[in-house]
Every structure is written in structure tokens, then in C-alpha cells.
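Pasting run-v4.txt here (compact mmCIF, C-alpha atoms):
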```
# COMPACT_ATOMS: atom_id res chain seq x y z
CA MET A 886 -12.70 27.63 -11.47
CA GLN A 887 -10.38 29.02 -8.79
CA ILE A 888 -8.60 32.36 -8.97
CA GLY A 889 -5.27 30.68 -9.70
CA GLU A 890 -6.73 28.90 -12.70
CA ARG A 891 -8.38 32.06 -14.03
CA ASP A 892 -5.23 34.16 -13.93
CA LYS A 893 -3.19 31.46 -15.64
CA ASP A 894 -5.78 31.25 -18.43
CA GLU A 895 -5.81 35.04 -18.79
CA LEU A 896 -2.00 35.25 -18.91
CA SER A 897 -1.91 32.43 -21.43
CA ALA A 898 -4.38 34.30 -23.63
CA LEU A 899 -2.41 37.55 -23.34
CA THR A 900 0.81 35.81 -24.38
CA ASN A 901 -0.67 33.46 -27.01
CA GLY A 902 0.15 30.55 -24.73
CA GLU A 903 3.84 31.44 -24.65
CA PHE A 904 4.01 33.01 -21.17
CA PHE A 905 7.07 35.05 -20.15
CA ASP A 906 10.75 35.15 -21.09
CA VAL A 907 11.66 36.15 -17.52
CA VAL A 908 9.62 35.55 -14.39
CA PHE A 909 10.63 37.13 -11.08
CA ASP A 910 9.35 36.04 -7.69
CA ALA A 911 10.22 38.16 -4.70
CA THR A 912 7.38 37.02 -2.45
CA GLY A 913 9.36 34.68 -0.22
CA ASN A 914 6.23 32.51 -0.23
CA PRO A 915 7.03 28.87 -1.10
CA ARG A 916 3.63 28.27 -2.70
CA ALA A 917 3.95 31.35 -4.91
CA MET A 918 7.52 30.40 -5.78
CA GLU A 919 6.43 26.93 -6.86
CA ARG A 920 3.59 28.35 -8.94
CA GLY A 921 5.90 30.73 -10.78
CA PHE A 922 7.37 27.80 -12.71
CA GLU A 923 4.06 27.61 -14.60
CA PHE A 924 4.59 31.00 -16.22
CA ILE A 925 8.03 30.54 -17.80
CA ALA A 926 8.19 30.59 -21.61
CA HIS A 927 10.20 28.01 -23.55
CA GLY A 928 13.84 28.95 -23.02
CA GLY A 929 12.83 31.44 -20.31
CA LYS A 930 14.41 32.33 -17.00
CA TYR A 931 12.95 32.15 -13.51
CA VAL A 932 14.55 34.45 -10.93
CA LEU A 933 13.90 33.75 -7.26
CA VAL A 934 14.71 36.84 -5.20
CA SER A 935 14.55 35.71 -1.58
CA ILE A 936 15.71 33.20 0.93
CA VAL A 937 13.12 31.03 2.66
CA PRO A 938 13.73 28.24 5.17
CA ALA A 939 11.11 26.01 3.49
CA ARG A 940 11.69 23.64 0.60
CA ILE A 941 10.16 24.33 -2.78
CA SER A 942 9.51 21.76 -5.48
CA PHE A 943 8.58 21.77 -9.13
CA ALA A 944 7.76 19.33 -11.89
CA ASP A 945 11.13 18.38 -13.33
CA SER A 946 9.64 17.23 -16.64
CA GLU A 947 7.88 20.59 -17.17
CA PHE A 948 11.04 22.50 -16.25
CA HIS A 949 13.16 20.47 -18.69
CA LYS A 950 10.50 20.59 -21.42
CA ARG A 951 10.68 24.39 -21.26
CA GLU A 952 14.49 24.32 -21.29
CA ALA A 953 14.32 26.98 -18.60
CA THR A 954 17.04 28.57 -16.52
CA LEU A 955 16.67 28.98 -12.75
CA ILE A 956 18.47 31.92 -11.18
CA ALA A 957 18.76 32.70 -7.48
CA SER A 958 19.34 36.21 -6.19
CA ARG A 959 19.57 37.53 -2.67
CA ASN A 960 21.68 40.64 -3.02
CA ALA A 961 20.60 43.92 -4.53
CA THR A 962 22.52 47.17 -4.63
CA PRO A 963 21.05 50.62 -4.00
CA GLU A 964 21.40 51.21 -7.76
CA ASP A 965 19.20 48.16 -8.43
CA PHE A 966 16.46 49.59 -6.23
CA GLU A 967 16.78 52.99 -7.89
CA THR A 968 16.36 51.36 -11.32
CA VAL A 969 13.14 49.73 -10.14
CA LEU A 970 11.86 52.97 -8.60
CA VAL A 971 12.53 54.87 -11.83
CA ALA A 972 10.66 52.20 -13.80
CA MET A 973 7.73 52.47 -11.37
CA ARG A 974 7.68 56.28 -11.62
CA GLU A 975 7.67 56.02 -15.42
CA SER A 976 4.69 53.60 -15.25
CA LYS A 977 6.75 50.76 -16.73
CA VAL A 978 5.71 48.52 -13.83
CA PRO A 979 1.96 47.73 -13.55
CA THR A 980 1.73 48.61 -9.87
CA ASP A 981 -2.08 48.78 -9.93
CA ALA A 982 -2.23 45.16 -11.08
CA LEU A 983 0.39 44.07 -8.54
CA ASN A 984 -0.83 46.03 -5.50
CA THR A 985 -4.36 44.69 -5.32
CA HIS A 986 -5.32 45.62 -1.75
CA ARG A 987 -4.61 48.46 0.68
CA LEU A 988 -5.35 48.88 4.34
CA ALA A 989 -4.38 51.23 7.12
CA LEU A 990 -2.01 50.01 9.81
CA GLY A 991 -4.74 50.37 12.42
CA ASP A 992 -7.05 48.11 10.40
CA VAL A 993 -4.60 45.20 10.18
CA PRO A 994 -5.98 43.29 13.21
CA GLN A 995 -9.50 43.22 11.72
CA GLN A 996 -8.77 43.08 7.99
CA PHE A 997 -5.67 40.89 7.70
CA SER A 998 -7.25 37.42 8.07
CA PRO A 999 -9.65 37.84 5.13
CA LEU A 1000 -6.67 38.66 2.91
CA LEU A 1001 -5.37 35.12 3.43
CA ASP A 1002 -8.41 33.63 1.69
CA PRO A 1003 -7.50 32.78 -1.94
CA LYS A 1004 -10.96 34.02 -2.96
CA ALA A 1005 -9.86 37.55 -1.99
CA GLY A 1006 -7.57 37.60 -5.03
CA VAL A 1007 -4.66 39.20 -3.20
CA VAL A 1008 -1.49 39.63 -5.23
CA LYS A 1009 0.06 42.14 -2.83
CA ALA A 1010 -1.53 43.97 0.06
CA ILE A 1011 -0.07 47.31 1.04
CA VAL A 1012 -0.23 48.41 4.66
CA GLU A 1013 -0.25 52.20 4.79
CA CYS A 1014 1.40 53.71 7.83
```
Will you turn the file into C-alpha cells for me?
Amino acid sequence: MQIGERDKDELSALTNGEFFDVVFDATGNPRAMERGFEFIAHGGKYVLVSIVPARISFADSEFHKREATLIASRNATPEDFETVLVAMRESKVPTDALNTHRLALGDVPQQFSPLLDPKAGVVKAIVEC
């Protein structure tokens, strides 16, 4: 079983197979954006926060079966960022689960390539300057 299959099974178990009312993707990665459709609950919303030059696709039948809403966003105000920062400071955002890897700026040339391997389990890698 691949990492992507394991996390979907775990999230399904945590949500009793319902998944999430709102799913946000701010990766700008077409593959991640396409995969996010899998985690929308029935009647849920999927918010894509980015602009990418690539095309993304999804299974129309699954999207319609879920009666989901797709929302695009590319503009955020300073107040929006402050709201997110406050939520992070109050531990309302699971940053430890989201920020799975850290490396120093000087280590990027040696340590970056292994992060691209799906087996590494990277959700987000933080480069510390």
C-alpha cells in the first residue's frame, strides 16, 4: 500500500467515511489539487487557493455524486493572513501534522531530492533560513 492510500484510509476512519465539509488546497501542485477531490464530504466545498499554468482534472461522476462545490481563490487580504496566524498560535491548526519535514537552507542542495520521493511522506517541507 502506498502512502497516498494509507492516509486516505486513515482520514476515512477518522471521519467515519464522511471526509471533510471543506477542503483547502494551497499547494499549487496539480497532482495534489487533483487528489484533494477525494477528501470532500457529500455536499462539501473544495477551495483551490492558487493559480497554476497546468491543467487539473477530476472524475466528474464522483464530483457530482458528492454534490460538491468548487471555489477558486487567489486573493487574500492582510486580515485573512492574520486570522490564520492567530489560529496557528492558538493551536487550532495542526501544524505538526502539516509541516512534516524541516531542513536548513544550506542543506537544500543535498537533502531536497529525497523529499520528492513519495515514500518520504512529505506533506510540507520547511526550509529554515
A:Arg940: which residues within 10 Å, counting only C-alpha atoms, same-chain residues fewer than 2 positions away excluded, as a ChimeraX atom specification? /A:915-916,919,937-938,942
If you measure from atom CA of A:Val908 to atom CA of A:Glu923, what distance in Å do you get, rounded to one decimal?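 Between atom CA of A:Val908 and atom CA of A:Glu923 the gap works out to 9.7 Å.
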For A:Ala953: contacts at 9 Å, only C-alpha atoms, fewer than 6 positions along chain excluded, given as number ranges by chain: A: 925-931
Residue nearest A:Leu990 among A:Val1012, A:Arg959, A:Gly1006, A:Lys977 (counting all atoms listed in the file): A:Val1012
Quick one: residues within 9 Å of A:Asp910, only C-alpha atoms, excluding same-chain residues fewer than 5 positions away - as an MDAnalysis selection string? chainID A and resid 917:918 921 931:935
Those residues you just picked out, can you put them in a file as a CSV table (one decimal), keeping the file's coordinate frame with C-alpha atoms?
```csv
chain,number,residue,atom,x,y,z
A,917,ALA,CA,4.0,31.4,-4.9
A,918,MET,CA,7.5,30.4,-5.8
A,921,GLY,CA,5.9,30.7,-10.8
A,931,TYR,CA,13.0,32.2,-13.5
A,932,VAL,CA,14.6,34.4,-10.9
A,933,LEU,CA,13.9,33.8,-7.3
A,934,VAL,CA,14.7,36.8,-5.2
A,935,SER,CA,14.6,35.7,-1.6
```
